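Below is one structure; the comments refer to it alone.
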Amino acid sequence: MSIFKFNLGDELKDLISGFIGVASGRIQWINGCKRYVLDSTKLKDGGLIDPVTVDEQQLVLVKALKVDLGQVKNDAPDAKPPGGPRKNPGRSRSTPARSRSIARR
């Protein structure tokens with residue numbers, strides 16, 4: 001059983017501000033406070049609206065699983081990890097060894 005009241009992907013409404021967004025993250029603090037990160041599904045002046053963080057107690061469910069998490073996760077068995085090859089640059093010859101400066105102390 002989950003310790004959270006709502007699921008990631010749920011559309012939630014903040015009872016105080018009226019903000020409606022999709023739960024993209026959940027946080028539980030050591031003191032028991034539970035908060036959700038809500039991403040807006042609307043644009044403002046053609047741009048994105050910053051996500052908001054809201055306490056669980058002031059949220060209500062608008063629509064369960066508005067976002068299908070299967071579309072978000074990369075569960076394909078043949079999926080490649082993100083990124084690309086990177087060569088190890090090693091140490092530059094112009095960089096002094098740290099052991100010399102430590103030994104002087």
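Scheme for the structure tokens: letters A, B, ... for chains in order shown; per-chain residue numbers from 1; ligand numbers from 1 in order shown.
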
Worksheet entry | Near-stretch 56-66 of chain A list (8 Å; only C-alpha atoms; drop same-chain fewer than 4 positions) as a PyMOL selection string | chain A and resi 5-16+22+34-36

Those same residues - C-alpha atoms - I'd like them written as a PDB file, in the first residue's frame.
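Here's the written file selection_31.pdb:
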ATOM      1  CA  LYS A   5      -2.961   9.590  -1.290  1.00  0.00           C
ATOM      2  CA  PHE A   6      -2.574  10.321  -5.033  1.00  0.00           C
ATOM      3  CA  ASN A   7      -0.684   8.674  -7.889  1.00  0.00           C
ATOM      4  CA  LEU A   8       1.856  10.199 -10.218  1.00  0.00           C
ATOM      5  CA  GLY A   9       0.041  11.190 -13.408  1.00  0.00           C
ATOM      6  CA  ASP A  10      -3.161  12.171 -11.557  1.00  0.00           C
ATOM      7  CA  GLU A  11      -4.656  15.561 -12.343  1.00  0.00           C
ATOM      8  CA  LEU A  12      -5.001  17.439  -9.051  1.00  0.00           C
ATOM      9  CA  LYS A  13      -6.427  20.769  -7.919  1.00  0.00           C
ATOM     10  CA  ASP A  14      -5.054  23.012  -5.184  1.00  0.00           C
ATOM     11  CA  LEU A  15      -8.042  24.036  -3.031  1.00  0.00           C
ATOM     12  CA  ILE A  16      -6.395  27.316  -1.978  1.00  0.00           C
ATOM     13  CA  VAL A  22      -0.615  16.816 -13.263  1.00  0.00           C
ATOM     14  CA  LYS A  34       3.827  15.009   2.001  1.00  0.00           C
ATOM     15  CA  ARG A  35       3.994  17.348  -0.986  1.00  0.00           C
ATOM     16  CA  TYR A  36       3.280  16.987  -4.709  1.00  0.00           C
TER      17      TYR A  36
END

Practice prompt. Name the residues in contact with stretch 37-48 of chain A at a cut-off of 6 Å, using only C-alpha atoms, excluding same-chain residues fewer than 2 positions from it; report them as a list in words.
Written response: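 Those residues are Gly21, Val22, Ala23, Ser24, Gly25, Pro51, Val52 and Thr53 of chain A.
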
Using N, CA and C atoms, can you export the residues from the last selection as a JSON list (two decimals), in the first residue's frame?
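What follows is the written file result-v1.json:
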[["chain", "number", "residue", "atom", "x", "y", "z"],
["A", 21, "GLY", "N", -3.09, 20.86, -12.07],
["A", 21, "GLY", "CA", -1.92, 20.33, -12.77],
["A", 21, "GLY", "C", -1.81, 18.83, -12.60],
["A", 22, "VAL", "N", -0.86, 18.26, -13.30],
["A", 22, "VAL", "CA", -0.61, 16.82, -13.26],
["A", 22, "VAL", "C", 0.53, 16.54, -12.29],
["A", 23, "ALA", "N", 0.32, 15.58, -11.40],
["A", 23, "ALA", "CA", 1.35, 15.23, -10.42],
["A", 23, "ALA", "C", 2.54, 14.59, -11.13],
["A", 24, "SER", "N", 3.67, 15.30, -11.10],
["A", 24, "SER", "CA", 4.87, 14.77, -11.75],
["A", 24, "SER", "C", 5.92, 14.34, -10.73],
["A", 25, "GLY", "N", 5.67, 14.64, -9.45],
["A", 25, "GLY", "CA", 6.61, 14.25, -8.41],
["A", 25, "GLY", "C", 5.95, 14.26, -7.05],
["A", 51, "PRO", "N", 6.31, 24.70, -12.52],
["A", 51, "PRO", "CA", 5.64, 23.74, -11.64],
["A", 51, "PRO", "C", 5.46, 24.34, -10.25],
["A", 52, "VAL", "N", 4.44, 23.86, -9.54],
["A", 52, "VAL", "CA", 4.20, 24.29, -8.17],
["A", 52, "VAL", "C", 4.25, 23.08, -7.25],
["A", 53, "THR", "N", 4.60, 23.31, -6.00],
["A", 53, "THR", "CA", 4.64, 22.26, -5.00],
["A", 53, "THR", "C", 3.57, 22.55, -3.96]]
